[in-house]
Structures are given as structure tokens and as C-alpha cells.
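Before any comments, here is the structure.
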Amino acid sequence: MASDLSKYRNIGIFAHVDAGKTTTTERILKLTGKIHKTGEVHEGESTMDFMDQEAERGITIQSAATTCAWKDHRLNVIDTPGHVDFTIEVYRSLKVLDGGIGVFCGSGGVEPQSETNWRYANESEVSRLIYVNKLDRMGADFYRVVKQVEDVLAATPLVMVLPIGIEDEFKGVVDLLTQKAWYWPDEKDPENYNIEEPPAEMADQIAEWREKLIETAVEQDDDLMEKYLEGEEPSIDELKACIRKGTLNLSFFPTYCGSSFKNKGLQLLLDAVVDYLPDPTQVDPQPEVDLEGNETGKVATVDINGPLRALAFKIMDDRFGALTFIRVYSGEIRKGDTIMNTFTGKTERVGRMVEMHANDRNELDYAHAGDIVAIIGMKDTQTGHTLCDPKNPATLEPMVFPDPVISIAIAPKDKGSAEKLGIALGKMIKEDPSFRVETDEDSGETIMKGMGELHLDIKVDILKRTHGIDVIVGEPQVAYRETITKPVTDTYTHKKQTGGSGQFARIDYTIEPGEAGSGFVFESTVTGGNVPREFWPAVESGFKKMMNRGVMAGFPCLDVKVNLQDGAFHAVDSSAVAYELAAQAAYRQSMPKAGPQLLEPIMKVDVFSPEDNVGDVIGDLNRRRGMIKSQEPGATGVRIKADVPLSEMFGYIGTLRTMTSGRGQFSMEFLQYSACPRNVADEVIKEVQEREAAKK
């Protein structure tokens, strides 16, 4: 196995749904000699999408990691999902990548999901190439997409190739560095291409874009820039060095184009991966934290001779058993080694290790820094856990996952499946940290929580197909929250006199609305020891426990600040328990006076509608209490951005399809919690009371 890390590229391919990401990955694998027969996504047989749901919906749900080779470099390709309900997958994949390819549709352009993924990649500081796909499609326009990248993503695309012809006439591309044209005469065979002189009528265009390319690239090197300004053109190698430098420091993003489906343009993209994307040693190393979660100041530098540091970024159950995908940051790992999981504090033995190709695998005895491999049969490791050398432990920074905003109740159709359901859900939670399962204590129902309707739909689907369990699904429930709107200053005395010592605690306190997003904040300004310092945590704990059940409808409370100002204690009868009970009763006493208010999750909704249907779509969003934020006309329709309460968005895809004869698309992500209008709040509270009554 090559261990020259400069020859490694760990890359992810991310994009909006339907931009052709999986087809692009497929073609890359074919070109790099990994697959002989190419699967077509729209025929439902691509190699990367091996869950039934993926083949059927034509979307990638799980990111699969695959290894292949190009020009004596080793590429680890991670195919990430584009759909918004699975952005958690994109986010996880980005953590373990060194570089990425953002795929955009030549006619759809920069779509809502590409923005979210682009933002994630910016936050993770991942170097990227841009690939504009589907130039053979009706309405495709390479230059428009380049402009959108500038306007919508506020990024600098560095155009490296120009298309020859467009839509049905799309034949090939001009490489601006060499000023040569690449033609692919046979769309079934990507390896059959000719390099010729470019069409004469493109001369002006080529000169104009090449000048732009050189001007942007030489900004990375002062000496070359001076020479260029004096009229001396840099050599291709000098330009490549500048482009590499600018790509690594995110100054710009080399931009390519083609048609993956027609097998045109991919060789140049692969060359760019090798030429411009970073190898594992050129990426900022992962910060290490100690077992308590404090940064140690050390980093896991990518070094084969360092101590073992690896991150589990994906868990998958396939027909061979549980696979834990890991990215090795430093050190090496051999079959039979004992490694430690810093999250559980337990050690595990590495039984079998494999390198994946979609869903075939090669057995490995050894992996080292820079590799992405899967270990079979790890018991307690979950996504985001760090695996390390037991003699030299450290944790890589833990991943943070958002809270779910929607829940549904499920129950097995037949009584016999209850145990099977428990086991299946356990496996699914391991695979997807943004998916939660709880049992409702009063009714004994199983509640699934997730990031959106589609997210939970697919979970129900997986239960049915993968695990063979039919479930009855309840109505979706929105994760409401509560808060307060005005400050209340109050006092509470907890006294109990029984035989022997009693209980006594008195607290004087103010409960007030906190800053948005602050959660629960507690502070004490008690002076003179009226409430001894050792009892403050008990008061805090009493209030904090109660925040889980608001006084209006029992939803968790957000953004509340409690200030303990004074109180009293008794030398014998006061105890931590007494103060905790006092705080709990104080919460019940004062929260109803503090102007309690119901909050609902507001979603950022991005709708694509054909021009003829815009009026209907906007009217419908208004009826759903949506706030229209913007409308942007595009080539094939209009994009409408709006903030809409989640409770009004159930079943939206059906309505949208009916209004737009199936051409509309939308995506949404959680934006914030906002106050619920009075009439809506009353309805919600009434429903909650009816549910409670029914349970009794």
C-alpha cells in the first residue's frame, strides 16, 4: 500500500438533490478503473446507492466511502447525500474530508441545498473544486451558473475550462491552461477522446477567460505578479503552483464543466483533484481535547509515526454485519491491535478491517494516517467517537448534532414485533445521531424524532424493508417550546416539620426572559450568607429540572434567566434537598405569572416554482402563515424564500406538486423558535390537554 501521503486525496462530492452527484461519482469510479459496467441512477442501479430506498428514490441517503486510483494517486471518495434532511451526513463527511467537489446542475444552478452544503464546507474550511454538470440538458448555461456562484455563494470561481457548444450541441471543453480542446465523440466511452485545436470562433472568449484566470492566479505570488504586469506570461507549471496555493487557502475555487451522464469532461476534473486539492498533511490538523473535553493545545498532525488517532464518522449495517467507517488522522492501525474508545473508556480489538468499494470490500491487515477504512464488528463505537492508542489517549474534537424538530409516534402492527422493533431502532440510532427515539412514560408509546418529514418517512421505510417490521404511524408532532415574556420577583418558603429534623429553605428570586438562544441561565447575587453558597447548586438544579416541563402545555422552556437574590436558612433543618424542592415549587408558583408564551419552530423554506405558478405558491405560503423573504427569477422558474412555521408545512410536497403539475421542488431547514400567535397556541394547548385526558 502506497504510504506516500502526498499521493493521497480524501475528497467528498456534495451537491443539491438531482445535480448528478451520484452519476458523477459513478463515472469517476469507472474512469479510475473500479467498475466495468456503469450503473445508471435513473435505471435504479448505481453502485454507490446500495440501500433499496436509495435505488428507488434515486437519492443518496447514506454516504459511502470508496477507494480508487488516478495517475498514481490514491483517491478516497465519499459520496454525501444532498437532501436537506440528511445534511447531518454531509456535515459528518466534511469533518473527515480534506477536499471536496461541489457539483452544480448546468440548468438548475446554485440550488437551495447547495447553499447549505457550501456553508457547511466554508465552516469546516474545506478546499473545493466546482463542477458544473448536465451541460447537455435543456436550459443549461455554464456562464450563468458561474455568475450564481459569485452572487449566491459569494465565492470566487476560477474558470479553468470553457464548454464547446451547449445543450444538444455540447461536444467537449477547452482547457484554458493549455488552450487545447478536448472532444469526446462517443458518449458511451469516456476514455475515447481527442485533443485538438479549439474552434476558431471561440478565440476571443478563450483569450478573455484565460486572462481572467492568470490575473486571479498570480495574485498568489508577488514575484510572478510583477513579471506578469511587466508583460511576461507565467509558465503552466508556475500557474498550477499558484492555483494550488489559492485553492488550499480558499481564495478561489477552480471551476470545471461537463456532462457526467454523457461521459464528457471528467478527466480534467480528476486531474484537478490531483493537481489542486490538498493531501492529508496540508489540512489544518484536528485539535485534540482531553477526556473532560478541554482543548489540550495539541493537534493530531497527520503523521504515520505519531500516536494512533482516528475518528469514527459513520456506522453502517450491511449484509456482512456492522461496519464502522473511520478516518485515521495519525499513527497506524493493524489487524489484531487493541484500541481505546475515549468516549466509553473501553478498549476494543480490531478483528477485521476492510477497504470499501461501494459495497464490495478488500480485507486489509494495516491502515495508517490519511486512510479511510471500515472496521467490522466494533461493539460500542458510535459516530463521532475517537479511537486512539490506549497508552496515549486523546479525543478529537467531538461533533455537535442539532436537536430534532419533529416527532411521530409509532407502534408495531403485531404484538410479536415489539422486541424486534427495539433492536432495529437501536441500530438506527447508532447510524444516525440526528435521529432520536424516546418512550412516552405515560402512554408507553415509542416516539421517533428527527430533522423533518422526509427524514422520518425514510426511517419508517427502513424499518419496513431492512428490518421487516410494519409499524402504525401517528400524526407528526411539532417540537414546541415555551418561554416567558416578563420578569417576576417572588419568594418561596419550603417548610416541613416531621418527627426529628425538619426541612427548611427560603428563596427570594427573580425569573426573567433571557437572551434569545441562551437556554437556561442561573446566577446568584446572594450576599451575607443568607443562602449558604453550598446550597446554590441545589437551587439551580431544582429550577433546571423544571425547565423540561413548561406551565402552559408541558413543553421544555427556553431562554429563561433565574437570579437568586436572597433567602434564609436554618442551621439544622436546611439541606440541599430542601433548597431543590423549594426551587421546584417556586418555578410552579412564579412561571404562570411571568407571561408564559408558546414558541414554535420556524423553518427556512426554499421553494422552486415554474413561473406560471408563482402566484399560487406564494398565496399558499401566506395561508400557511409564511413570511415571504425574497423571490429570485431564474432561467427555468422562480425561487421563493420564506420563513414558515413547521406545523403548517406537513404534507407540503403533495400540495406543491399539485399546484405546479409536479415541477415544483422545495427544501427546508430549521431557522429559529418564534412566538406562536394566540389562536394557534390555544389550539396546541387544547390538543395537549385532550391527549393527556385520553391517556388517563
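We name chains A, B, ... following the order of the C-alpha cells; residues begin at 1 in each chain, and ligands are numbered from 1 as shown.
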If you run DSSP on the backbone here, which positions in range 154-206 of chain A get strand (DSSP E)? Please write them as a PyMOL selection string. chain A and resi 157-159+161-164+172-175+180-183+194-196
Generate the output file for the selected residues, C-alpha atoms, as a JSON list (two decimals), in the first residue's frame.
```json
[["chain", "number", "residue", "atom", "x", "y", "z"],
["A", 157, "PRO", "CA", -14.98, 30.63, -9.14],
["A", 158, "LEU", "CA", -11.73, 30.29, -11.09],
["A", 159, "VAL", "CA", -12.91, 29.18, -14.51],
["A", 161, "VAL", "CA", -12.36, 25.20, -18.85],
["A", 162, "LEU", "CA", -14.98, 26.55, -21.25],
["A", 163, "PRO", "CA", -17.73, 24.43, -22.82],
["A", 164, "ILE", "CA", -17.77, 23.83, -26.57],
["A", 172, "GLY", "CA", -16.38, 18.97, -25.20],
["A", 173, "VAL", "CA", -14.37, 21.56, -23.32],
["A", 174, "VAL", "CA", -11.44, 23.91, -23.87],
["A", 175, "ASP", "CA", -8.68, 23.67, -21.26],
["A", 180, "LYS", "CA", -6.47, 22.89, -26.26],
["A", 181, "ALA", "CA", -9.93, 21.45, -26.92],
["A", 182, "TRP", "CA", -10.97, 18.05, -25.59],
["A", 183, "TYR", "CA", -13.68, 16.23, -27.57],
["A", 194, "ASN", "CA", -9.32, 13.68, -28.93],
["A", 195, "ILE", "CA", -7.27, 16.73, -28.06],
["A", 196, "GLU", "CA", -7.32, 19.29, -30.87]]
```
Quick one: residues within 10 Å of Gly306 in chain A, only C-alpha atoms, excluding same-chain residues fewer than 4 positions away - as a VMD selection string? chain A and resid 300 to 302 329 to 332 368 to 369
Suppose we keep N, CA, C and O atoms; can you now write the selection as a short mmCIF file (atom, residue, chain, number, x, y, z; two decimals), in the first residue's frame?
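Below is the file result_17.cif, written as the result:
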```cif
data_model
loop_
_atom_site.label_atom_id
_atom_site.label_comp_id
_atom_site.auth_asym_id
_atom_site.auth_seq_id
_atom_site.Cartn_x
_atom_site.Cartn_y
_atom_site.Cartn_z
N ALA A 300 -3.81 16.58 16.26
CA ALA A 300 -3.48 15.27 15.68
C ALA A 300 -2.88 15.52 14.30
O ALA A 300 -3.59 15.53 13.30
N THR A 301 -1.59 15.77 14.25
CA THR A 301 -0.93 16.01 12.98
C THR A 301 -0.94 14.72 12.18
O THR A 301 -0.76 13.64 12.73
N VAL A 302 -1.18 14.85 10.88
CA VAL A 302 -1.21 13.64 10.04
C VAL A 302 0.22 13.13 9.91
O VAL A 302 1.04 13.71 9.21
N TYR A 329 -6.27 9.75 11.47
CA TYR A 329 -5.56 11.03 11.38
C TYR A 329 -4.08 10.87 11.62
O TYR A 329 -3.26 11.50 10.97
N SER A 330 -3.72 10.06 12.63
CA SER A 330 -2.28 9.89 12.83
C SER A 330 -2.01 8.48 13.32
O SER A 330 -2.92 7.80 13.81
N GLY A 331 -0.75 8.04 13.15
CA GLY A 331 -0.39 6.70 13.60
C GLY A 331 -0.84 5.64 12.62
O GLY A 331 -1.17 5.92 11.47
N GLU A 332 -0.85 4.39 13.09
CA GLU A 332 -1.25 3.29 12.21
C GLU A 332 -2.06 2.30 13.01
O GLU A 332 -2.06 2.32 14.25
N HIS A 368 -3.05 3.38 7.83
CA HIS A 368 -2.25 4.40 8.53
C HIS A 368 -2.83 5.77 8.28
O HIS A 368 -3.82 5.93 7.56
N ALA A 369 -2.20 6.77 8.89
CA ALA A 369 -2.65 8.17 8.79
C ALA A 369 -3.05 8.50 7.36
O ALA A 369 -2.32 8.19 6.42
#
```
From the DSSP assignment of the backbone, select every residue of range 366-551 of chain A that is helix (DSSP H, G or I), and format the answer as number ranges by chain. A: 415-431, 453-465, 533-546
Asp136 in chain A environment, 10 Å, only C-alpha atoms, sequence neighbours closer than 4 positions dropped, as a list in words: Gly106, Ser107, Ala140, Asp141, Gly165, Ile166, Glu167, Asp168, Glu169, Phe170, Lys171, Gly258, Ser259, Ser260, Phe261, Lys262 and Lys264 of chain A
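Residues in contact range of Leu323 in chain A, defined as at most 7 Å between only C-alpha atoms, with sequence neighbours fewer than 3 positions away removed, read Ile315, Met316, Asp317, Ala374, Ile375, Ile376 and Gly377 of chain A.
The neighbours of Ile101 in chain A here are the residues that come within 8 Å of it, using only C-alpha atoms and leaving out any residue fewer than 6 positions away in the same chain; they are Ile11, Gly12, Ile13, Phe14, Arg128, Leu129, Ile130 and Tyr131 of chain A.
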With all heavy atoms retained, write the just-selected residues as a PDB file, in the first residue's frame.
```
ATOM      1  N   ILE A  11     -11.546  12.998  -0.687  1.00  0.00           N
ATOM      2  CA  ILE A  11     -12.448  14.020  -1.215  1.00  0.00           C
ATOM      3  C   ILE A  11     -13.908  13.617  -1.058  1.00  0.00           C
ATOM      4  O   ILE A  11     -14.236  12.435  -1.034  1.00  0.00           O
ATOM      5  CB  ILE A  11     -12.174  14.315  -2.710  1.00  0.00           C
ATOM      6  CG1 ILE A  11     -12.336  13.041  -3.543  1.00  0.00           C
ATOM      7  CG2 ILE A  11     -10.804  14.923  -2.897  1.00  0.00           C
ATOM      8  CD1 ILE A  11     -12.397  13.316  -5.032  1.00  0.00           C
ATOM      9  N   GLY A  12     -14.756  14.613  -0.944  1.00  0.00           N
ATOM     10  CA  GLY A  12     -16.196  14.361  -0.889  1.00  0.00           C
ATOM     11  C   GLY A  12     -16.833  15.051  -2.070  1.00  0.00           C
ATOM     12  O   GLY A  12     -16.312  16.035  -2.600  1.00  0.00           O
ATOM     13  N   ILE A  13     -17.960  14.492  -2.493  1.00  0.00           N
ATOM     14  CA  ILE A  13     -18.674  15.100  -3.602  1.00  0.00           C
ATOM     15  C   ILE A  13     -20.001  15.522  -3.031  1.00  0.00           C
ATOM     16  O   ILE A  13     -20.733  14.684  -2.515  1.00  0.00           O
ATOM     17  CB  ILE A  13     -18.842  14.073  -4.723  1.00  0.00           C
ATOM     18  CG1 ILE A  13     -17.449  13.713  -5.239  1.00  0.00           C
ATOM     19  CG2 ILE A  13     -19.732  14.611  -5.821  1.00  0.00           C
ATOM     20  CD1 ILE A  13     -17.439  12.788  -6.401  1.00  0.00           C
ATOM     21  N   PHE A  14     -20.301  16.830  -3.046  1.00  0.00           N
ATOM     22  CA  PHE A  14     -21.572  17.210  -2.436  1.00  0.00           C
ATOM     23  C   PHE A  14     -22.315  18.165  -3.347  1.00  0.00           C
ATOM     24  O   PHE A  14     -21.713  18.871  -4.148  1.00  0.00           O
ATOM     25  CB  PHE A  14     -21.394  17.794  -1.037  1.00  0.00           C
ATOM     26  CG  PHE A  14     -20.336  18.824  -0.927  1.00  0.00           C
ATOM     27  CD1 PHE A  14     -20.649  20.155  -1.079  1.00  0.00           C
ATOM     28  CD2 PHE A  14     -19.015  18.471  -0.674  1.00  0.00           C
ATOM     29  CE1 PHE A  14     -19.669  21.119  -0.978  1.00  0.00           C
ATOM     30  CE2 PHE A  14     -18.039  19.432  -0.582  1.00  0.00           C
ATOM     31  CZ  PHE A  14     -18.368  20.763  -0.734  1.00  0.00           C
ATOM     32  N   ARG A 128     -12.243  23.344  -2.230  1.00  0.00           N
ATOM     33  CA  ARG A 128     -13.171  22.694  -3.153  1.00  0.00           C
ATOM     34  C   ARG A 128     -12.884  23.029  -4.602  1.00  0.00           C
ATOM     35  O   ARG A 128     -12.371  24.106  -4.914  1.00  0.00           O
ATOM     36  CB  ARG A 128     -14.606  23.183  -2.885  1.00  0.00           C
ATOM     37  CG  ARG A 128     -15.317  22.494  -1.769  1.00  0.00           C
ATOM     38  CD  ARG A 128     -16.283  23.432  -1.070  1.00  0.00           C
ATOM     39  NE  ARG A 128     -15.532  24.334  -0.213  1.00  0.00           N
ATOM     40  CZ  ARG A 128     -16.051  25.406   0.353  1.00  0.00           C
ATOM     41  NH1 ARG A 128     -17.290  25.728   0.147  1.00  0.00           N
ATOM     42  NH2 ARG A 128     -15.308  26.161   1.126  1.00  0.00           N
ATOM     43  N   LEU A 129     -13.289  22.117  -5.476  1.00  0.00           N
ATOM     44  CA  LEU A 129     -13.383  22.392  -6.906  1.00  0.00           C
ATOM     45  C   LEU A 129     -14.873  22.546  -7.196  1.00  0.00           C
ATOM     46  O   LEU A 129     -15.703  22.006  -6.467  1.00  0.00           O
ATOM     47  CB  LEU A 129     -12.864  21.216  -7.731  1.00  0.00           C
ATOM     48  CG  LEU A 129     -11.452  20.717  -7.443  1.00  0.00           C
ATOM     49  CD1 LEU A 129     -11.190  19.444  -8.234  1.00  0.00           C
ATOM     50  CD2 LEU A 129     -10.430  21.778  -7.824  1.00  0.00           C
ATOM     51  N   ILE A 130     -15.195  23.252  -8.268  1.00  0.00           N
ATOM     52  CA  ILE A 130     -16.599  23.344  -8.673  1.00  0.00           C
ATOM     53  C   ILE A 130     -16.732  22.609 -10.000  1.00  0.00           C
ATOM     54  O   ILE A 130     -15.883  22.753 -10.890  1.00  0.00           O
ATOM     55  CB  ILE A 130     -17.009  24.817  -8.837  1.00  0.00           C
ATOM     56  CG1 ILE A 130     -17.044  25.485  -7.455  1.00  0.00           C
ATOM     57  CG2 ILE A 130     -18.368  24.931  -9.523  1.00  0.00           C
ATOM     58  CD1 ILE A 130     -17.292  26.981  -7.504  1.00  0.00           C
ATOM     59  N   TYR A 131     -17.781  21.815 -10.098  1.00  0.00           N
ATOM     60  CA  TYR A 131     -18.024  21.092 -11.344  1.00  0.00           C
ATOM     61  C   TYR A 131     -19.461  21.373 -11.774  1.00  0.00           C
ATOM     62  O   TYR A 131     -20.405  21.056 -11.054  1.00  0.00           O
ATOM     63  CB  TYR A 131     -17.803  19.594 -11.118  1.00  0.00           C
ATOM     64  CG  TYR A 131     -18.179  18.724 -12.300  1.00  0.00           C
ATOM     65  CD1 TYR A 131     -17.522  18.853 -13.523  1.00  0.00           C
ATOM     66  CD2 TYR A 131     -19.187  17.766 -12.190  1.00  0.00           C
ATOM     67  CE1 TYR A 131     -17.868  18.056 -14.605  1.00  0.00           C
ATOM     68  CE2 TYR A 131     -19.531  16.965 -13.263  1.00  0.00           C
ATOM     69  CZ  TYR A 131     -18.873  17.109 -14.472  1.00  0.00           C
ATOM     70  OH  TYR A 131     -19.218  16.317 -15.540  1.00  0.00           O
TER      71      TYR A 131
END
```
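Take CA of Pro556 in chain A and CA of Arg481 in chain A: the distance between them is 5.3 Å.
Residue nearest Val471 in chain A within the list A:Thr383, A:Asn362, A:Ser417, A:Gln631: A:Ser417 [criterion: smallest interatomic distance, only C-alpha atoms].
We find CA of Lys245 in chain A and CA of Pro280 in chain A to be spaced 14.9 Å apart.
Distance check against Lys686 in chain A using only C-alpha atoms: of A:Thr381, A:Arg119, A:Met552, A:Arg74, the minimum falls on A:Met552.
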What is the distance between CA of Ser235 in chain A and CA of Phe253 in chain A, in Å to one decimal? 20.3 Å
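Using only C-alpha atoms, the protein and nucleic acid residues lying no more than 9 Å from Ile339 in chain A, apart from those fewer than 3 places from it along its own chain, are Leu308, Ile333, Lys346, Thr347, Glu348, Arg349, Val350, Leu387, Cys388, Asp389 and Pro390 of chain A.
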Please list as a PyMOL selection string every residue within 8 Å of Asp559 in chain A, counting only C-alpha atoms and excluding residues in the same chain fewer than 5 positions away. chain A and resi 483+513-521
Would you mind telling me which residue in A:Val96, A:Cys242, A:Ile408, A:Val145 lies nearest to Leu454 in chain A when using only C-alpha atoms? A:Ile408
